[in-house]
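> Before I ask anything, here is the structure I am working with.
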Amino acid sequence: MLVSVITATYNRAATLPALFASIVAQDADVEWVVVDDGSTDDTAELVVAMAESAPFPVRLLRQPNRGKHVALNRGIPMARGSMALLIDSDDALLPGGLGRLLDRWREIPAGRQSAFFGVVGRCVDETGRRIGDSFPRHRPVDCTWHDAVYVHRARGDRSGLLRTDVLRAHPFPEPDDRSFVLEGLVWRQIGRRYLTRYVDDPLVLVNTSGHDRLTRRPLGEICAALRDYHAAVLKEDMPWFRHSPALFIRAAVQYGRLSMVERIPLHRQGAELPGPARLLWASTLPVSTLLSLWDRRDRHEGGSVRPGS
């Protein structure tokens with residue numbers, strides 16, 4: 001089974017060789033699709049050089065800087081594999097990771113695979129420590145994205161083998177005014193139609209020290225994208241409220257806070273939400289207001305505003 005490893009990259013010439021080496025070390029049939037999102041370093045030349053020595057096909061596409069979501073939308077249609085792995089250019093595959101996940105996928109009876117989006121394993125940091133919550137170690141969990149998040153409360157970075165045809169049918173949104181969107185907007189759409197098999201097998205080593213990771217980016221750069229995500233939680237996911245009320249309270253707080261940062265009037269905020277979500281948002285407005293005032297103070301003092309809790 002051919003696996004298409006798809007990487008969107010921007011000015012990561014320093015980290016791409018480690019990712020390349022980790023792909024070479026896999027015991028699997030792979031290709032590597034690299035989308036250079038307008039890099040100003042020697043990323044393109046480096047990928048061409050690595051392609052000359054690679055034991056698998058490497059294809060490079062260059063585009064003006066539009067953001068990771070746009071780069072993935074260009075790279076996914078280039079994939080020839082039936083399964084795809086989306087991996088950041090400063091991360092790496094763990095030894096044997098692809099083989100482990102392929103075995104897990106083959107454990108799903110062929111007659112049932114059409115009901116599944118893919119099989120997802122866990123990530124570790126540079127020290128080998130697990131990132132996020134765990135699923136049961138000795139058995140897979142087959143569920144929707146919503147159940148994974150709200151019922152099983154499996155949070156933190158995860159990565160896996162995903163059906164390429166499903167990814168093609170669900171591209172990431174490309175708003176004209178955004179350089180960033182949260183991938184969860186797409187995963188929730190796919191989760192309405194497909195199951196995912198979640199396993200505890202490790203797949204990806206995540207570089208947690210990268211300066212451009214989400215938690216280190218100024219709020220102004222990602223505010224609209226974060227607001228869209230929390231709005232989707234409140235508008236679409238309230239049936240799962242009883243499973244994880246704290247997550248919905250947090251979403252209501254952040255929705256109000258980020259809307260204030262975007263200078264969206266209260267009447268427009270409330271009008272956007274359905275009844276139960278509107279009540280939750282209204283009850284958390286005092287906290288949202290305090291956080292937005294804190295954001296303004298940080299900006300006034302010249303600090304970098306962070307996404308918050």
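Order determines the names: the first chain of the structure tokens is A, the second B, and so forth; residues in each chain are numbered 1 upward, and ligands are numbered 1 upward as they are shown.
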Would you give me, as number ranges by chain, the residues in range 87-298 of chain A that DSSP reads as helix (DSSP H, G or I)?
A: 97-106, 113-115, 145-151, 164-169, 184-191, 214-216, 219-236, 238-240, 245-261, 266-271, 275-283, 285-298
> Give the strand (DSSP E or B) residues of range 89-298 of chain A, as DSSP finds them on the backbone, and put them as a ChimeraX atom specification.
/A:92-93,116-124,130,141-143,158-163,195-205
> Take the residues from that selection and write them out as a short mmCIF file (atom, residue, chain, number, x, y, z; two decimals), in the first residue's frame, keeping N, CA, C and O atoms.

```cif
data_model
loop_
_atom_site.label_atom_id
_atom_site.label_comp_id
_atom_site.auth_asym_id
_atom_site.auth_seq_id
_atom_site.Cartn_x
_atom_site.Cartn_y
_atom_site.Cartn_z
N ALA A 92 9.27 14.61 12.74
CA ALA A 92 9.91 13.44 12.15
C ALA A 92 9.09 12.20 12.47
O ALA A 92 8.36 12.15 13.46
N LEU A 93 9.22 11.19 11.61
CA LEU A 93 8.57 9.91 11.85
C LEU A 93 9.40 9.07 12.80
O LEU A 93 10.63 9.03 12.70
N PHE A 116 -14.41 4.10 7.43
CA PHE A 116 -13.37 4.73 8.23
C PHE A 116 -12.61 5.78 7.44
O PHE A 116 -12.35 5.62 6.24
N PHE A 117 -12.23 6.86 8.14
CA PHE A 117 -11.37 7.91 7.58
C PHE A 117 -9.92 7.49 7.61
O PHE A 117 -9.13 7.83 6.72
N GLY A 118 -9.53 6.74 8.64
CA GLY A 118 -8.14 6.32 8.74
C GLY A 118 -7.86 5.76 10.12
O GLY A 118 -8.79 5.44 10.89
N VAL A 119 -6.59 5.63 10.43
CA VAL A 119 -6.15 5.15 11.74
C VAL A 119 -5.15 6.14 12.30
O VAL A 119 -4.22 6.56 11.60
N VAL A 120 -5.35 6.56 13.54
CA VAL A 120 -4.58 7.65 14.13
C VAL A 120 -3.84 7.14 15.37
O VAL A 120 -4.44 6.50 16.24
N GLY A 121 -2.55 7.42 15.42
CA GLY A 121 -1.72 7.06 16.57
C GLY A 121 -1.36 8.28 17.38
O GLY A 121 -1.93 9.36 17.21
N ARG A 122 -0.39 8.14 18.23
CA ARG A 122 -0.03 9.24 19.12
C ARG A 122 1.31 9.86 18.72
O ARG A 122 2.05 9.32 17.90
N CYS A 123 1.59 10.99 19.32
CA CYS A 123 2.84 11.71 19.09
C CYS A 123 3.64 11.76 20.40
O CYS A 123 3.08 11.63 21.49
N VAL A 124 4.94 11.96 20.26
CA VAL A 124 5.81 12.14 21.42
C VAL A 124 6.64 13.40 21.20
O VAL A 124 6.79 13.88 20.07
N ARG A 130 4.94 11.11 25.93
CA ARG A 130 3.65 11.18 25.25
C ARG A 130 3.12 12.61 25.25
O ARG A 130 3.22 13.33 26.24
N VAL A 141 -9.82 2.03 19.55
CA VAL A 141 -11.12 2.66 19.79
C VAL A 141 -11.63 3.18 18.46
O VAL A 141 -10.97 4.01 17.82
N ASP A 142 -12.76 2.69 18.02
CA ASP A 142 -13.37 3.14 16.77
C ASP A 142 -14.49 4.11 17.12
O ASP A 142 -15.49 3.73 17.76
N CYS A 143 -14.36 5.35 16.69
CA CYS A 143 -15.38 6.35 17.03
C CYS A 143 -15.27 7.52 16.08
O CYS A 143 -14.35 7.63 15.27
N ARG A 158 -2.02 14.42 17.68
CA ARG A 158 -2.11 13.06 17.17
C ARG A 158 -1.85 13.10 15.67
O ARG A 158 -2.02 14.12 15.02
N SER A 159 -1.44 11.97 15.15
CA SER A 159 -1.15 11.91 13.72
C SER A 159 -1.46 10.50 13.24
O SER A 159 -1.42 9.55 14.03
N GLY A 160 -1.77 10.37 11.95
CA GLY A 160 -2.12 9.05 11.47
C GLY A 160 -2.17 8.94 9.97
O GLY A 160 -1.86 9.88 9.23
N LEU A 161 -2.57 7.77 9.53
CA LEU A 161 -2.76 7.49 8.11
C LEU A 161 -4.21 7.74 7.76
O LEU A 161 -5.12 7.16 8.37
N LEU A 162 -4.43 8.61 6.79
CA LEU A 162 -5.77 9.06 6.44
C LEU A 162 -6.06 8.74 4.98
O LEU A 162 -5.17 8.81 4.13
N ARG A 163 -7.31 8.40 4.71
CA ARG A 163 -7.68 8.09 3.33
C ARG A 163 -7.54 9.33 2.45
O ARG A 163 -8.13 10.38 2.73
N LEU A 195 -15.93 7.08 10.68
CA LEU A 195 -15.27 6.70 11.91
C LEU A 195 -13.76 6.83 11.73
O LEU A 195 -13.26 6.85 10.60
N THR A 196 -13.05 6.91 12.83
CA THR A 196 -11.58 6.84 12.83
C THR A 196 -11.17 5.80 13.87
O THR A 196 -11.80 5.70 14.92
N ARG A 197 -10.15 5.01 13.53
CA ARG A 197 -9.62 4.06 14.51
C ARG A 197 -8.47 4.73 15.25
O ARG A 197 -7.47 5.13 14.64
N TYR A 198 -8.62 4.89 16.55
CA TYR A 198 -7.60 5.51 17.40
C TYR A 198 -6.83 4.41 18.13
O TYR A 198 -7.43 3.53 18.75
N VAL A 199 -5.52 4.47 18.04
CA VAL A 199 -4.66 3.48 18.67
C VAL A 199 -3.57 4.19 19.47
O VAL A 199 -3.33 5.39 19.31
N ASP A 200 -2.90 3.44 20.31
CA ASP A 200 -1.88 4.03 21.18
C ASP A 200 -0.48 3.91 20.58
O ASP A 200 0.51 4.22 21.24
N ASP A 201 -0.37 3.46 19.35
CA ASP A 201 0.94 3.28 18.74
C ASP A 201 1.57 4.63 18.41
O ASP A 201 0.92 5.50 17.82
N PRO A 202 2.85 4.82 18.73
CA PRO A 202 3.52 6.10 18.43
C PRO A 202 3.89 6.21 16.96
O PRO A 202 4.32 5.24 16.34
N LEU A 203 3.73 7.40 16.41
CA LEU A 203 4.00 7.61 14.98
C LEU A 203 4.94 8.78 14.72
O LEU A 203 5.86 8.67 13.91
N VAL A 204 4.71 9.93 15.38
CA VAL A 204 5.42 11.15 15.02
C VAL A 204 6.12 11.74 16.24
O VAL A 204 5.57 11.78 17.34
N LEU A 205 7.36 12.19 16.04
CA LEU A 205 8.09 12.98 17.03
C LEU A 205 7.87 14.45 16.71
O LEU A 205 8.23 14.92 15.64
#
```
> Hey, what's within 7 Å of Gly67 in chain A if we count only C-alpha atoms and toss same-chain stuff fewer than 5 positions away? As a PyMOL selection string, please?
chain A and resi 37+179-180
> Take the residues from that selection and put them in a file with all heavy atoms, as a tab-separated table (two decimals), in the first residue's frame.

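Output saved as out-v8.tsv:
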```
chain	number	residue	atom	x	y	z
A	37	ASP	N	5.84	26.70	0.62
A	37	ASP	CA	4.89	27.81	0.74
A	37	ASP	C	5.61	29.16	0.71
A	37	ASP	O	5.54	29.94	1.65
A	37	ASP	CB	4.10	27.64	2.04
A	37	ASP	CG	2.99	28.66	2.20
A	37	ASP	OD1	2.38	29.05	1.18
A	37	ASP	OD2	2.72	29.08	3.34
A	179	SER	N	-4.14	33.73	6.88
A	179	SER	CA	-2.96	32.93	6.57
A	179	SER	C	-2.92	31.67	7.43
A	179	SER	O	-1.94	30.93	7.41
A	179	SER	CB	-1.68	33.74	6.80
A	179	SER	OG	-1.57	34.11	8.16
A	180	PHE	N	-4.01	31.44	8.18
A	180	PHE	CA	-4.03	30.32	9.11
A	180	PHE	C	-5.47	29.89	9.36
A	180	PHE	O	-6.36	30.73	9.51
A	180	PHE	CB	-3.38	30.75	10.44
A	180	PHE	CG	-3.51	29.74	11.55
A	180	PHE	CD1	-2.65	28.66	11.61
A	180	PHE	CD2	-4.48	29.89	12.52
A	180	PHE	CE1	-2.77	27.73	12.64
A	180	PHE	CE2	-4.60	28.97	13.55
A	180	PHE	CZ	-3.74	27.88	13.60
```
> Measuring between only C-alpha atoms, which one of A:Arg257, A:Arg59, A:Arg188, A:Arg250 shows the shortest distance to Ala232 in chain A?
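Selected residue with least distance to Ala232 in chain A: A:Arg188.
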> For each of A:Met83, A:Ala14, A:Leu280, A:Ala21, take the minimum atom-to-atom distance to Ser53 in chain A, counting only C-alpha atoms, then give the residue where this is smallest.
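Between A:Met83, A:Ala14, A:Leu280, A:Ala21, the residue approaching Ser53 in chain A most closely is A:Ala21.
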> Which one of A:Asp42, A:Val47, A:Arg193, A:Gly99 sits closest to Ser114 in chain A if you count only C-alpha atoms?
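Among the listed residues, the smallest separation from Ser114 in chain A belongs to A:Arg193.
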> Quick one: residues within 10 Å of Met260 in chain A, only C-alpha atoms, excluding same-chain residues fewer than 6 positions away - as a VMD selection string?
chain A and resid 254 266 269 288 to 289 291 to 293 295
